[in-house]
>>> print(open('query-v1.cif').read())   # mmCIF, C-alpha atoms
data_data
#
loop_
_atom_site.label_atom_id
_atom_site.label_comp_id
_atom_site.auth_asym_id
_atom_site.auth_seq_id
_atom_site.Cartn_x
_atom_site.Cartn_y
_atom_site.Cartn_z
CA TRP Y 18 0.00 0.00 0.00
CA VAL Y 19 1.22 3.47 -0.93
CA PRO Y 20 -0.33 5.89 1.61
CA ILE Y 21 -1.95 9.21 0.69
CA GLY Y 22 0.64 11.88 1.48
CA GLU Y 23 4.28 10.81 1.69
CA PHE Y 24 7.82 11.72 2.64
CA ILE Y 25 9.91 11.19 -0.50
CA THR Y 26 13.65 11.69 -0.92
CA GLY Y 27 13.93 14.30 1.82
CA ALA Y 28 10.75 16.26 0.96
CA TYR Y 29 7.21 16.17 2.37
CA LYS Y 30 4.42 15.50 -0.14
CA SER Y 31 1.69 15.95 2.44
CA PHE Y 32 -2.07 15.72 2.13
CA ASP Y 33 -3.27 19.22 3.06
CA GLY Y 34 -7.02 19.01 2.56
CA SER Y 35 -10.07 17.95 4.57
CA PHE Y 36 -11.23 14.34 4.29
CA ASP Y 37 -14.63 13.15 5.50
CA GLY Y 38 -14.82 9.36 5.42
CA ASP Y 39 -18.62 9.57 5.72
CA GLY Y 40 -18.59 6.49 7.96
CA HIS Y 41 -16.97 4.22 5.38
CA ILE Y 42 -14.90 1.23 6.54
CA ILE Y 43 -11.45 0.34 5.21
CA SER Y 44 -10.73 -3.39 5.53
CA GLY Y 45 -8.17 -5.90 4.31
CA THR Y 46 -4.38 -5.51 4.63
CA LEU Y 47 -2.30 -2.35 4.36
CA GLN Y 48 1.43 -3.10 4.28
CA GLY Y 49 4.26 -0.97 3.03
CA ASP Y 50 7.62 0.73 3.37
CA ALA Y 51 7.10 4.43 4.11
CA ARG Y 52 8.41 6.74 6.82
CA TYR Y 53 4.79 7.80 7.56
CA PHE Y 54 2.42 4.86 7.15
CA GLY Y 55 -1.31 4.23 7.43
CA PHE Y 56 -4.28 4.76 5.12
CA PHE Y 57 -2.83 8.27 4.97
CA GLY Y 58 0.90 8.80 5.29
CA ARG Y 59 1.71 12.38 6.27
CA CYS Y 60 -0.94 15.11 6.46
CA GLY Y 61 -0.04 18.80 6.68
CA GLU Y 62 -1.06 21.56 9.08
CA ASN Y 63 -4.14 22.50 7.03
CA SER Y 64 -5.49 18.95 7.09
CA GLU Y 65 -8.38 17.38 8.97
CA ILE Y 66 -9.56 13.76 8.80
CA THR Y 67 -13.02 12.85 10.09
CA ASN Y 68 -15.46 9.91 10.21
CA LEU Y 69 -13.18 7.19 8.84
CA HIS Y 70 -13.32 3.67 10.25
CA MET Y 71 -10.41 1.25 9.91
CA ALA Y 72 -10.80 -2.53 10.13
CA ALA Y 73 -7.60 -3.42 8.30
CA THR Y 74 -4.36 -4.97 9.48
CA VAL Y 75 -1.82 -2.17 9.10
CA THR Y 76 1.82 -3.28 9.01
CA SER Y 77 4.93 -1.17 8.55
CA THR Y 78 7.90 -2.62 6.69
CA SER Y 79 9.66 0.75 6.82
CA SER Y 80 13.40 0.92 6.30
CA SER Y 81 13.43 4.59 7.43
CA GLY Y 82 14.68 5.35 10.93
CA SER Y 83 12.16 6.40 13.60
CA SER Y 84 9.13 5.97 11.32
CA TYR Y 85 5.48 6.71 12.18
CA ILE Y 86 2.55 4.30 11.91
CA GLY Y 87 -1.18 4.52 12.65
CA SER Y 88 -4.28 2.93 11.13
CA VAL Y 89 -5.70 6.22 9.82
CA ALA Y 90 -2.40 8.06 9.34
CA GLY Y 91 1.27 8.10 10.21
CA TYR Y 92 0.99 11.81 11.05
CA ALA Y 93 -2.05 14.09 10.79
CA TYR Y 94 -2.61 17.57 12.19
CA LYS Y 95 -6.22 17.00 13.33
CA ILE Y 96 -8.39 13.87 13.54
CA THR Y 97 -11.98 13.59 14.78
CA GLY Y 98 -14.57 10.82 14.97
CA CYS Y 99 -12.42 7.97 13.62
CA SER Y 100 -12.07 4.39 14.82
CA ASN Y 101 -9.88 1.32 14.40
CA SER Y 102 -10.58 -2.36 15.05
CA GLY Y 103 -7.61 -3.83 13.18
CA SER Y 104 -4.07 -4.59 14.31
CA VAL Y 105 -1.33 -1.96 13.94
CA ILE Y 106 2.12 -3.56 13.69
CA GLY Y 107 5.43 -1.73 13.69
CA ASN Y 108 8.93 -3.07 13.13
CA SER Y 109 12.50 -2.41 14.26
CA HIS Y 110 12.46 1.01 12.56
CA THR Y 111 9.22 2.22 14.16
CA GLY Y 112 9.62 5.26 16.40
CA THR Y 113 5.97 6.26 16.87
CA ALA Y 114 2.84 4.09 16.74
CA GLY Y 115 -0.83 4.64 17.58
CA GLY Y 116 -4.11 2.84 17.06
CA ILE Y 117 -5.54 5.82 15.19
CA VAL Y 118 -2.48 7.90 14.31
CA GLY Y 119 1.24 7.83 14.96
CA GLY Y 120 1.59 11.54 15.67
CA THR Y 121 -0.90 14.44 15.81
CA ASP Y 122 -1.57 17.87 17.29
CA PHE Y 123 -5.32 17.48 17.94
CA ILE Y 124 -7.48 14.37 18.24
CA SER Y 125 -11.02 13.89 19.57
CA GLY Y 126 -13.88 11.39 19.59
CA CYS Y 127 -11.77 8.43 18.43
CA VAL Y 128 -11.98 4.75 19.42
CA ASN Y 129 -9.46 1.92 19.13
CA THR Y 130 -10.27 -1.73 19.82
CA GLY Y 131 -7.38 -3.31 17.88
CA LYS Y 132 -4.01 -4.53 19.18
CA ILE Y 133 -1.11 -2.11 18.84
CA ASP Y 134 2.39 -3.57 18.61
CA GLY Y 135 4.87 -0.75 18.19
CA GLY Y 136 7.91 -2.89 17.43
CA SER Y 137 11.30 -1.94 18.85
CA ASN Y 138 12.95 1.00 16.99
CA ILE Y 139 16.26 -0.82 17.51
CA ASP Y 140 17.48 -0.07 13.98
CA GLY Y 141 15.70 3.27 13.67
CA GLY Y 142 17.53 4.99 16.52
CA SER Y 143 17.48 4.87 20.29
CA SER Y 144 14.54 2.77 21.50
CA SER Y 145 14.20 5.25 24.38
CA ASN Y 146 12.72 7.66 21.79
CA GLU Y 147 9.84 5.32 21.00
CA TYR Y 148 6.24 6.50 21.57
CA ILE Y 149 3.35 3.99 21.53
CA GLY Y 150 -0.29 4.71 22.39
CA GLY Y 151 -3.66 3.03 22.03
CA ILE Y 152 -4.98 6.13 20.26
CA VAL Y 153 -1.89 8.19 19.40
CA GLY Y 154 1.83 7.68 19.93
CA ASP Y 155 3.12 11.26 20.01
CA ILE Y 156 0.84 14.26 20.61
CA VAL Y 157 1.36 18.02 20.87
CA VAL Y 158 -1.74 19.86 22.15
CA ASP Y 159 -5.11 18.15 22.81
CA CYS Y 160 -6.70 14.71 23.17
CA SER Y 161 -10.36 14.51 24.17
CA ASP Y 162 -13.18 11.95 24.39
CA CYS Y 163 -11.11 9.00 23.17
CA TYR Y 164 -11.46 5.34 24.16
CA ASN Y 165 -9.11 2.38 23.90
CA SER Y 166 -9.76 -1.29 24.67
CA GLY Y 167 -6.98 -2.81 22.58
CA GLU Y 168 -3.73 -4.19 23.99
CA VAL Y 169 -0.82 -1.75 23.62
CA THR Y 170 2.66 -3.26 23.56
CA GLY Y 171 6.14 -3.14 22.04
CA GLN Y 172 9.81 -3.92 22.66
CA GLY Y 173 11.26 -0.44 23.20
CA SER Y 174 12.42 1.42 26.28
CA GLY Y 175 10.55 4.67 25.62
CA LYS Y 176 7.02 5.84 26.44
CA ILE Y 177 3.82 3.81 26.22
CA GLY Y 178 0.24 4.60 27.28
CA GLY Y 179 -3.28 3.29 26.91
CA ILE Y 180 -4.40 6.50 25.17
CA VAL Y 181 -1.21 8.51 24.46
CA GLY Y 182 2.41 7.38 24.40
CA GLY Y 183 3.99 10.75 25.11
CA GLN Y 184 5.29 14.05 23.77
CA SER Y 185 8.43 14.61 21.74
CA MET Y 186 7.85 18.39 21.74
CA SER Y 187 7.79 20.58 24.84
CA SER Y 188 4.21 21.87 25.12
CA THR Y 189 1.22 21.75 27.46
CA LEU Y 190 -1.01 18.78 26.72
CA LYS Y 191 -4.70 18.75 27.63
CA MET Y 192 -6.45 15.39 27.98
CA GLU Y 193 -10.15 15.26 28.80
CA GLY Y 194 -12.80 12.54 28.91
CA CYS Y 195 -10.53 9.67 27.85
CA THR Y 196 -10.85 6.03 28.97
CA ASN Y 197 -8.57 3.02 28.63
CA ILE Y 198 -9.49 -0.58 29.47
CA GLY Y 199 -6.76 -2.28 27.42
CA LYS Y 200 -3.62 -3.96 28.73
CA VAL Y 201 -0.60 -1.64 28.46
CA GLY Y 202 3.13 -2.25 28.64
CA GLY Y 203 6.21 -4.08 27.45
CA PRO Y 204 9.32 -5.68 28.94
CA SER Y 205 11.54 -2.60 29.15
CA PHE Y 206 9.64 0.69 28.75
CA THR Y 207 10.91 3.58 30.89
CA PHE Y 208 7.52 5.34 31.15
CA THR Y 209 4.28 3.33 31.17
CA GLY Y 210 0.77 4.55 32.03
CA GLY Y 211 -2.82 3.46 31.70
CA ILE Y 212 -3.70 6.81 30.12
CA LEU Y 213 -0.35 8.41 29.26
CA GLY Y 214 3.30 7.43 29.22
CA LEU Y 215 4.94 10.85 29.69
CA ALA Y 216 4.13 14.55 29.12
CA TYR Y 217 6.16 17.73 29.57
CA SER Y 218 3.17 19.61 31.03
CA LEU Y 219 -0.30 18.16 31.49
CA THR Y 220 -3.89 19.13 32.26
CA LEU Y 221 -5.87 15.93 32.92
CA ILE Y 222 -9.68 16.08 33.26
CA ARG Y 223 -12.10 13.15 33.74
CA CYS Y 224 -9.77 10.46 32.41
CA THR Y 225 -9.92 6.89 33.74
CA ASN Y 226 -7.94 3.69 33.35
CA HIS Y 227 -9.31 0.21 34.04
CA GLY Y 228 -6.68 -1.70 32.05
CA GLU Y 229 -3.77 -3.74 33.39
CA VAL Y 230 -0.49 -1.80 33.38
CA ILE Y 231 2.63 -3.98 33.27
#
>>> encode(input="query-v1.cif", output="structure tokens")
Amino acid sequence: WVPIGEFITGAYKSFDGSFDGDGHIISGTLQGDARYFGFFGRCGENSEITNLHMAATVTSTSSSGSSYIGSVAGYAYKITGCSNSGSVIGNSHTGTAGGIVGGTDFISGCVNTGKIDGGSNIDGGSSSNEYIGGIVGDIVVDCSDCYNSGEVTGQGSGKIGGIVGGQSMSSTLKMEGCTNIGKVGGPSFTFTGGILGLAYSLTLIRCTNHGEVI
């Protein structure tokens, strides 16, 4: 699968529009070698993806260091009202993985029920820089009204959370109305949480975890 919006030979070829999935379901198998991988690859700062439902197995075979993977997108600026019930599977080059999106600035009203295996990032750089989340791996600003019941796991030593893995950028994160009931953790992660692995600055409102944290 060649995702919509790519990173090619050192340049971003991002999707910069608005996409309304109108409740349609994407099923089957999406597998490919791209630095940003999902149904969409990389989406720019003018983009918004809404109402898309993923039921596919999404597998990264990326040979690019510290790559991004999510069912809907590798990276997208804003995502609302999307869901995923398929497996998301990273590899040894995966740096950021999420059930809905690898990395984003804003996400709301999204649900993941599929298993997330972020891989190890052993070949892609330091595994301590890995971010894995049930909804999103790496987030900047806001995550609201999201729900995860899928298992979230990997082999890295970075950050892993039932909803959000963590933040690679220093900013204040707001999380509100999020719930995790999925099992979270791996053998060697430095920061593990039922809701969130690690944030620079955090406002947390009405978020609950009922999942096992290992």
>>> resolve_selection(input="query-v1.cif", expression="the PyMOL selection byres ((chain Y and resi 108) around 7)", output="compact mmCIF listing (two decimals) with C-alpha atoms, keeping the file's coordinate frame")
# COMPACT_ATOMS: atom_id res chain seq x y z
CA SER Y 77 4.93 -1.17 8.55
CA THR Y 78 7.90 -2.62 6.69
CA ILE Y 106 2.12 -3.56 13.69
CA GLY Y 107 5.43 -1.73 13.69
CA SER Y 109 12.50 -2.41 14.26
CA HIS Y 110 12.46 1.01 12.56
CA THR Y 111 9.22 2.22 14.16
CA GLY Y 135 4.87 -0.75 18.19
CA GLY Y 136 7.91 -2.89 17.43
CA SER Y 137 11.30 -1.94 18.85
CA ASN Y 138 12.95 1.00 16.99
>>> residues_near_point(input="query-v1.cif", point="(-3.1, 10.0, 3.0)", cutoff="6 Å", atoms="all atoms listed in the file", output="list of chain:residue names")
Y:Pro20, Y:Ile21, Y:Gly22, Y:Phe32, Y:Phe56, Y:Phe57, Y:Gly58
>>> resolve_selection(input="query-v1.cif", expression="the PyMOL selection byres ((chain Y and resi 74) around 12)", output="ChimeraX atom specification")
/Y:18,43-49,55-56,71-73,75-77,86-89,101-107,116,131-134
>>> closest_residue(input="query-v1.cif", among="Y:Asp33, Y:Asp159, Y:Glu168, Y:Asp50", to="Y:Gly126", atoms="all atoms listed in the file")
Y:Asp159
>>> atom_distance(input="query-v1.cif", atom1="atom CA of Y:Gly34", atom2="atom CA of Y:Glu65")
6.8 Å
>>> residues_near_point(input="query-v1.cif", point="(12.4, -2.7, 24.6)", cutoff="7 Å", atoms="only C-alpha atoms", output="mmCIF file with C-alpha atoms, keeping the file's coordinate frame")
data_model
loop_
_atom_site.group_PDB
_atom_site.id
_atom_site.type_symbol
_atom_site.label_atom_id
_atom_site.label_comp_id
_atom_site.auth_asym_id
_atom_site.auth_seq_id
_atom_site.Cartn_x
_atom_site.Cartn_y
_atom_site.Cartn_z
ATOM 1 C CA SER Y 137 11.300 -1.940 18.850
ATOM 2 C CA SER Y 144 14.540 2.770 21.500
ATOM 3 C CA GLY Y 171 6.140 -3.140 22.040
ATOM 4 C CA GLN Y 172 9.810 -3.920 22.660
ATOM 5 C CA GLY Y 173 11.260 -0.440 23.200
ATOM 6 C CA SER Y 174 12.420 1.420 26.280
ATOM 7 C CA GLY Y 203 6.210 -4.080 27.450
ATOM 8 C CA PRO Y 204 9.320 -5.680 28.940
ATOM 9 C CA SER Y 205 11.540 -2.600 29.150
ATOM 10 C CA PHE Y 206 9.640 0.690 28.750
#
>>> residues_around(input="query-v1.cif", residues="Y:Ala93", least_positions_apart="6", cutoff="8 Å", atoms="all atoms listed in the file", output="PyMOL selection string")
chain Y and resi 59-62+64-66+118+120-122
>>> closest_residue(input="query-v1.cif", among="Y:Cys160, Y:Ile198, Y:Leu69, Y:Ile152", to="Y:Ile177", atoms="only C-alpha atoms")
Y:Ile152
>>> atom_distance(input="query-v1.cif", atom1="atom CA of Y:Ser185", atom2="atom CA of Y:Tyr164")
22.1 Å
>>> atom_distance(input="query-v1.cif", atom1="atom CA of Y:Gly119", atom2="atom CA of Y:Gly178")
12.8 Å
>>> closest_residue(input="query-v1.cif", among="Y:Val230, Y:Ala216, Y:Ile222, Y:Val158", to="Y:Gly199", atoms="all atoms listed in the file")
Y:Val230
>>> resolve_selection(input="query-v1.cif", expression="the PyMOL selection byres ((chain Y and resi 219) around 7)", output="PDB file with C-alpha atoms, in the coordinates of the input")
ATOM      1  CA  THR Y 189       1.220  21.750  27.460  1.00  0.00           C
ATOM      2  CA  LEU Y 190      -1.010  18.780  26.720  1.00  0.00           C
ATOM      3  CA  LYS Y 191      -4.700  18.750  27.630  1.00  0.00           C
ATOM      4  CA  ALA Y 216       4.130  14.550  29.120  1.00  0.00           C
ATOM      5  CA  TYR Y 217       6.160  17.730  29.570  1.00  0.00           C
ATOM      6  CA  SER Y 218       3.170  19.610  31.030  1.00  0.00           C
ATOM      7  CA  THR Y 220      -3.890  19.130  32.260  1.00  0.00           C
ATOM      8  CA  LEU Y 221      -5.870  15.930  32.920  1.00  0.00           C
TER       9      LEU Y 221
END
>>> closest_residue(input="query-v1.cif", among="Y:Gly150, Y:Gly194, Y:Gly182, Y:Gly98", to="Y:His41", atoms="only C-alpha atoms")
Y:Gly98
>>> decode(input="query-v1.cif", residues="stretch 19-51 of chain Y", atoms="N, CA and C atoms", output="CSV table (one decimal), in the first residue's frame")
chain,number,residue,atom,x,y,z
Y,19,VAL,N,0.6,2.2,-0.9
Y,19,VAL,CA,1.2,3.5,-0.9
Y,19,VAL,C,0.3,4.5,-0.3
Y,20,PRO,N,0.6,5.0,0.9
Y,20,PRO,CA,-0.3,5.9,1.6
Y,20,PRO,C,-0.5,7.2,0.9
Y,21,ILE,N,-1.6,7.9,1.2
Y,21,ILE,CA,-1.9,9.2,0.7
Y,21,ILE,C,-1.2,10.3,1.5
Y,22,GLY,N,-0.2,10.9,0.8
Y,22,GLY,CA,0.6,11.9,1.5
Y,22,GLY,C,1.9,11.2,2.0
Y,23,GLU,N,3.1,11.6,1.4
Y,23,GLU,CA,4.3,10.8,1.7
Y,23,GLU,C,5.5,11.7,2.0
Y,24,PHE,N,6.5,11.1,2.4
Y,24,PHE,CA,7.8,11.7,2.6
Y,24,PHE,C,8.8,11.1,1.7
Y,25,ILE,N,9.2,11.8,0.6
Y,25,ILE,CA,9.9,11.2,-0.5
Y,25,ILE,C,11.2,11.9,-0.7
Y,26,THR,N,12.3,11.2,-0.7
Y,26,THR,CA,13.6,11.7,-0.9
Y,26,THR,C,13.9,13.1,-0.3
Y,27,GLY,N,13.6,13.1,1.0
Y,27,GLY,CA,13.9,14.3,1.8
Y,27,GLY,C,12.9,15.4,1.8
Y,28,ALA,N,11.8,15.2,1.1
Y,28,ALA,CA,10.7,16.3,1.0
Y,28,ALA,C,9.4,15.7,1.3
Y,29,TYR,N,8.6,16.5,2.0
Y,29,TYR,CA,7.2,16.2,2.4
Y,29,TYR,C,6.3,16.4,1.2
Y,30,LYS,N,5.5,15.4,0.9
Y,30,LYS,CA,4.4,15.5,-0.1
Y,30,LYS,C,3.1,15.2,0.6
Y,31,SER,N,2.8,16.2,1.5
Y,31,SER,CA,1.7,16.0,2.4
Y,31,SER,C,0.3,16.1,1.8
Y,32,PHE,N,-0.7,15.4,2.4
Y,32,PHE,CA,-2.1,15.7,2.1
Y,32,PHE,C,-2.5,16.9,3.0
Y,33,ASP,N,-3.0,18.0,2.3
Y,33,ASP,CA,-3.3,19.2,3.1
Y,33,ASP,C,-4.7,19.6,3.0
Y,34,GLY,N,-5.6,18.7,2.7
Y,34,GLY,CA,-7.0,19.0,2.6
Y,34,GLY,C,-7.8,18.5,3.7
Y,35,SER,N,-9.1,18.5,3.6
Y,35,SER,CA,-10.1,18.0,4.6
Y,35,SER,C,-10.7,16.7,4.0
Y,36,PHE,N,-10.7,15.6,4.8
Y,36,PHE,CA,-11.2,14.3,4.3
Y,36,PHE,C,-12.3,13.9,5.2
Y,37,ASP,N,-13.5,13.7,4.7
Y,37,ASP,CA,-14.6,13.1,5.5
Y,37,ASP,C,-14.9,11.7,5.0
Y,38,GLY,N,-14.6,10.7,5.8
Y,38,GLY,CA,-14.8,9.4,5.4
Y,38,GLY,C,-16.3,9.0,5.3
Y,39,ASP,N,-17.2,9.8,5.8
Y,39,ASP,CA,-18.6,9.6,5.7
Y,39,ASP,C,-19.0,8.2,6.3
Y,40,GLY,N,-18.3,7.7,7.3
Y,40,GLY,CA,-18.6,6.5,8.0
Y,40,GLY,C,-18.1,5.2,7.2
Y,41,HIS,N,-17.4,5.4,6.1
Y,41,HIS,CA,-17.0,4.2,5.4
Y,41,HIS,C,-15.9,3.4,6.2
Y,42,ILE,N,-15.8,2.1,5.9
Y,42,ILE,CA,-14.9,1.2,6.5
Y,42,ILE,C,-13.8,0.8,5.6
Y,43,ILE,N,-12.6,0.9,6.0
Y,43,ILE,CA,-11.4,0.3,5.2
Y,43,ILE,C,-11.0,-1.0,5.8
Y,44,SER,N,-11.1,-2.1,5.0
Y,44,SER,CA,-10.7,-3.4,5.5
Y,44,SER,C,-9.6,-4.0,4.7
Y,45,GLY,N,-9.2,-5.2,5.1
Y,45,GLY,CA,-8.2,-5.9,4.3
Y,45,GLY,C,-6.8,-5.8,5.0
Y,46,THR,N,-5.8,-5.6,4.1
Y,46,THR,CA,-4.4,-5.5,4.6
Y,46,THR,C,-3.7,-4.3,4.0
Y,47,LEU,N,-3.1,-3.5,4.8
Y,47,LEU,CA,-2.3,-2.3,4.4
Y,47,LEU,C,-0.9,-2.6,4.9
Y,48,GLN,N,0.0,-2.8,3.9
Y,48,GLN,CA,1.4,-3.1,4.3
Y,48,GLN,C,2.3,-2.3,3.3
Y,49,GLY,N,3.4,-1.7,3.9
Y,49,GLY,CA,4.3,-1.0,3.0
Y,49,GLY,C,5.4,-0.4,3.7
Y,50,ASP,N,6.4,0.1,2.9
Y,50,ASP,CA,7.6,0.7,3.4
Y,50,ASP,C,7.5,2.2,3.1
Y,51,ALA,N,7.2,3.0,4.2
Y,51,ALA,CA,7.1,4.4,4.1
Y,51,ALA,C,7.4,5.0,5.5
